[in-house]
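A.B. asks: Provided herewith is a single structure, encoded as structure tokens, for subsequent inquiry.
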Protein chains: 2
Amino acid sequence: MRKVILVLGLLALSTAGALGADPPSVLLLIADDLGRDLGCYGNRDVKTPHLDALAAHGTRFDLAFATVASCSPSRSVMFTGQYNHTNGQYGLAHAEHNFQQLGRVRSLPALLKPAGYHTGIIGKEHVVPRSVYPWDHVEAQVPGGPRDVASLADRAAAFLEKVKGQPFLLVVGYVDPHRAAKGFANDREYSRVQSVKYDPAGLRVPFFLPDQPEVRADLADYYQSVARLDQGVGLMLAELKKAGRDQDTIVIFLSDNGIPFPGAKTTLYDPGVHLPLIISSPRQSRRGVVSQAMASWIDITPTILDAAGVKPPALPGRSLLPILDDPNPPGWDRVYLSHTFHEVTMYYPIRGVRTRQYKYLWNLAHELPFVPASDLYNSPTYQGILRRGDDKLGERSFKAYLQRPREELYDLGKDPKELNNLADDPEHAAILAELRQAVRQFQKDTIDPWRVRQEY
Amino acid sequence: MRKVILVLGLLALSTAGALGADPPSVLLLIADDLGRDLGCYGNRDVKTPHLDALAAHGTRFDLAFATVASCSPSRSVMFTGQYNHTNGQYGLAHAEHNFQQLGRVRSLPALLKPAGYHTGIIGKEHVVPRSVYPWDHVEAQVPGGPRDVASLADRAAAFLEKVKGQPFLLVVGYVDPHRAAKGFANDREYSRVQSVKYDPAGLRVPFFLPDQPEVRADLADYYQSVARLDQGVGLMLAELKKAGRDQDTIVIFLSDNGIPFPGAKTTLYDPGVHLPLIISSPRQSRRGVVSQAMASWIDITPTILDAAGVKPPALPGRSLLPILDDPNPPGWDRVYLSHTFHEVTMYYPIRGVRTRQYKYLWNLAHELPFVPASDLYNSPTYQGILRRGDDKLGERSFKAYLQRPREELYDLGKDPKELNNLADDPEHAAILAELRQAVRQFQKDTIDPWRVRQEY
């Protein structure tokens, strides 16, 4: 694997020059708990015209994956180019969870500073410590609150005014469509944003959720939050254009993890990690590309460093810039997965790999029950499941979801819903052994503290 | 429990005046991985004349307990007066473990500053972050290295010179008798310290270890490190006297956790948490007191604040100063225990309570095997156990040690070795229920993040 990384590192270096003389700026837009619920990703219920337009103007990755389905860990991967088991952000950063990255970690703001980039973050950050994140500009609170997407666009406009003539990295951390204390914070109006309501009865319920009235209502509430996010992105891109920076700025849009429902967020099943990723570069030669490359959030930092012409440190990911124009680039055929904690009380280390055809997961603490995140546990959806005593979570056995085997292997070609575990199937022993070995090697290569677990 | 705390808080306040006009200083000496292996604690093999003399001059607590048997967590309890599940130091602070205390925590150096105390730490600290620990003086490295106990005494002398005429808290963090990269770092000579060698064949092997040659050799090595520590304490107390501060300084000697052997360190069995505690105050009226009070490391911060006449914040512990002269003070009859992590990969939350007669332990993640600390795993003792395939760990079943039940209840009166779990014994149902309830209440009172674990 090391050799592969080295070779690809050299390839990545060679692309910086191809982008032109002036290094482009980067606008990184991060949605919170958004699944592939955009019109351009085939969701026929939700309306997301602005994100669909961004995809039509750039490259939409159809096989893009977070490495972990938890907020702080996933963002730490985007911002450092290291798996979160390497950078130390093993779980959530806030409150009593209190996880933090190792002092030696070098993040995007630190790596971009020597290249003359002005770096800023507006809205949700959720990674620590500050010493690892020397942003030039941090604006965690915006007028109107974190759901006021027009306010986020206003603050971004002020940032763009400040960095006139300079290359920049601006991260905008949306809070939509994360759950709020009550529902999805749809109980008020937001300035310059239309409240888009959905009819629960008309929605399609994902396969991993029960088709129950409160689930439909919960989904309608979630979609309304997605529509607000979409409008916010529209306002944001309008500000970029108004500032005259749309022709020298690469826009990257993605989500930290899957939807805030059981079966998705905090799991390494596809609904947790198979997410939207749209990149639109002013310098790409084709528009409306739908890429079948398997991209990972581990590639985000190398991509941004490549844009800036910064020679990256030794990182496991690769720049996506060289493949923006190619719907089927060779050599992008697997992604690695690593989850350890969400909340500090929710120890559930999993290491895995997903290829085009298979997913292998190693549940290191499979003896423990899988505990849902507090926000999911308190949701109408989950409480309904408990109240009724459901034995299924949609099409999945609830019991199998809570108490998992040591290893899981899914043939995604035949079983995209990951319902039929083939880890004990003799006919799949060879692929199981191959992927198990790949995950062990991945752990060694990325200095995973969980690479050794004494077995008795 | 809250009411009890309040009342006792008031009592504690009232004692400060009784100590005299000038607040006394405090010298807190912390041994690393030392069990009750001192002559004064009845160990007939090891020679510890200096610590025995300290006990003869002050009060030796015969029932003193750490709340957790892991280095950083245990020290965080001493220094903050909060259980480590409250202060955030859930596990080790260093390297990839990277646990840290919550930013809002107020530690001894912060609490003593307004009272005009000069605070310092020399040697091992092992708690973070620095913002929580605003020591006036930090000296992690000393000439000769951390085992050079004469050098530690020299550096303490320099500190005492600096704080002439001022009240102080000086913490000295010894590294003896922790394991070293090789044995117990006895492969060199140390200045002004006699190398005290022990004959492995003549030693008594603790009940929780197998009587094997390499265990005896390992113990002899450990005892040699204990003897170095003892001589270091002797040199330290000589410096205190030389500086003329012995008559206004309370000396506290204790250990962070039990011996670095399986069955002790990182467990909440008595060999892990039942430890030496010696307090010698120039103002106590009786000498050579052997106290039967059940003291806890949760009491160390309240004790030091009491000495300084600082009104303590709401803390669960109590000052030990009012009971120094009393071998049998009433109302000191139980201690609470809380372990969560040692290394970050070693998730094993346990909550418990120990009374004079019983110990109750709740193993929250009992489904997992109990994983030994790396230094224990790599020790000659442990490797011998694995090599022979022992089914016993001394008198304990090795299997029962590795795979524990949800709850454990021991009648220490009849079973001080904690070998016979009574949690399923109908005759002990009432005491089990009472102690279980006490632990649940303890978790609530101390804002334990693990107070809620959803069960299905």
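Chain labels follow the order of the structure tokens: the first chain is A, the next B, and so on; residue numbering restarts at 1 in every chain, and ligands are counted from 1 in their shown order.
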If you count only C-alpha atoms, which residues fall within 8 Å of Val68 (chain B), apart from same-chain ones fewer than 3 positions away, as a short mmCIF file (atom, residue, chain, number, x, y, z; two decimals) with C-alpha atoms, in the first residue's frame?
C.D. replies:
```cif
data_model
loop_
_atom_site.label_atom_id
_atom_site.label_comp_id
_atom_site.auth_asym_id
_atom_site.auth_seq_id
_atom_site.Cartn_x
_atom_site.Cartn_y
_atom_site.Cartn_z
CA PRO B 73 -7.19 9.03 36.03
CA SER B 74 -6.06 8.42 39.60
CA ASN B 257 -2.65 2.51 41.81
CA THR B 266 -6.10 -1.43 36.21
CA THR B 267 -8.49 -3.56 38.28
CA LEU B 268 -10.86 -2.48 41.04
CA GLY B 272 -5.51 -2.47 42.45
CA VAL B 273 -6.99 0.19 44.72
CA LEU B 337 -14.79 3.18 42.71
CA SER B 338 -14.87 4.14 39.04
CA HIS B 339 -12.70 2.85 36.22
#
```
A.B. asks: Select residues of chain A: the criterion is any atom within 7 Å of an atom of chain B, counting only C-alpha atoms; output as an MDAnalysis selection string.
C.D. replies: chainID A and resid 88 96 98 102 345 365 367:368 449:450
A.B. asks: Check the DSSP output for the backbone and give back, as a ChimeraX atom specification, the residues of region 67-235 of chain A in helix (DSSP H, G or I).
C.D. replies: /A:71-80,84-87,108-115,130-132,149-162,200-202,213-235
A.B. asks: Using only C-alpha atoms, which protein or nucleic acid residues come within 12 Å of Ser195 (chain A)? Drop anything in the same chain fewer than 3 positions from it, and give the result as an NGL selection string.
C.D. replies: :A and (47 or 185-192 or 198 or 220-221 or 223-231)
A.B. asks: In Å to one decimal, how far is CA of Pro316 (chain B) from CA of Asp299 (chain B)?
C.D. replies: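 CA of Pro316 (chain B) lies 8.0 Å from CA of Asp299 (chain B).
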A.B. asks: If you count only C-alpha atoms, which residues fall within 6 Å of region 105-118 of chain A, apart from same-chain ones fewer than 2 positions away, as a list in words?
C.D. replies: Phe79, Thr80, Leu102, Gly103, Pro134, Trp135, Pro167 and Phe168 of chain A
A.B. asks: Any chance you could export the current selection's C-alpha atoms as a short mmCIF file (atom, residue, chain, number, x, y, z; two decimals), in the first residue's frame?
C.D. replies:
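The file below, selection03.cif, is the result:
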```cif
data_model
loop_
_atom_site.label_atom_id
_atom_site.label_comp_id
_atom_site.auth_asym_id
_atom_site.auth_seq_id
_atom_site.Cartn_x
_atom_site.Cartn_y
_atom_site.Cartn_z
CA PHE A 79 -9.47 18.57 7.48
CA THR A 80 -6.33 16.50 8.10
CA LEU A 102 -3.09 14.76 18.76
CA GLY A 103 -0.94 17.86 19.13
CA PRO A 134 -4.94 27.84 13.32
CA TRP A 135 -7.69 29.27 11.09
CA PRO A 167 -6.26 32.79 -2.29
CA PHE A 168 -8.47 31.37 0.43
#
```
A.B. asks: Near Gly413 (chain B), counting only C-alpha atoms, which residues have an atom at most 9 Å away, once you skip same-chain residues fewer than 3 positions from it, shown as a list in words?
C.D. replies: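 So, after excluding close chain neighbours, the residues are Arg356, Gln357, Tyr358, Tyr410 and Pro416 of chain B.
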A.B. asks: Skipping near chain neighbours, those fewer than 6 positions away, what residues fall within 7 Å of Phe65 (chain A) using only C-alpha atoms, listed as a count of residues only?
C.D. replies: 6
A.B. asks: May I have the residues within 12 Å of Gly120 (chain A) as a ChimeraX atom specification, using only C-alpha atoms and disregarding those fewer than 4 positions away in the same chain?
C.D. replies: /A:25-28,108-110,112-113,124-125,133-140,155-156,158-160,162-163,167-173
A.B. asks: Pull the strand (DSSP E) assignments for region 236-392 of chain B out of DSSP run on the backbone, and list those residues as a PyMOL selection string.
C.D. replies: chain B and resi 249-255+274-280+289-296+334-341+347-355+358-363+392
A.B. asks: Just the number, please: distance in Å from CA of Gly258 (chain A) to CA of Leu34 (chain A), one decimal.
C.D. replies: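 Atom-to-atom, CA of Gly258 (chain A) and CA of Leu34 (chain A) are spaced 5.5 Å apart.
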A.B. asks: Record the distance separating CA of Ala373 (chain B) and CA of His342 (chain B), expressed in Å with one decimal.
C.D. replies: 7.1 Å
A.B. asks: Taking into account only C-alpha atoms, which residue in the set B:Asp333, B:Asp306, B:Asp425, B:Glu161 is nearest to Leu321 (chain B)?
C.D. replies: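 With only C-alpha atoms as the atom set, the closest residue is B:Asp306.
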A.B. asks: Go through B:Tyr269, B:Pro330, B:Thr303, B:Ala153 and flag the residue nearest Tyr401 (chain B), using only C-alpha atoms for the distances.
C.D. replies: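 Checking each candidate against Tyr401 (chain B), we get B:Tyr269 as the closest.
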A.B. asks: Which of these residues is nearest to Gly263 (chain B), using only C-alpha atoms: B:Val289, B:Ile298, B:Ala69, B:Ala243?
C.D. replies: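 Ranking B:Val289, B:Ile298, B:Ala69, B:Ala243 by distance to Gly263 (chain B), first place goes to B:Ala69.
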A.B. asks: With only C-alpha atoms as the atoms that count, which of A:Val215, A:Val290, A:Ala157, A:Ile323 lies nearest to Lys241 (chain A)?
C.D. replies: A:Ala157
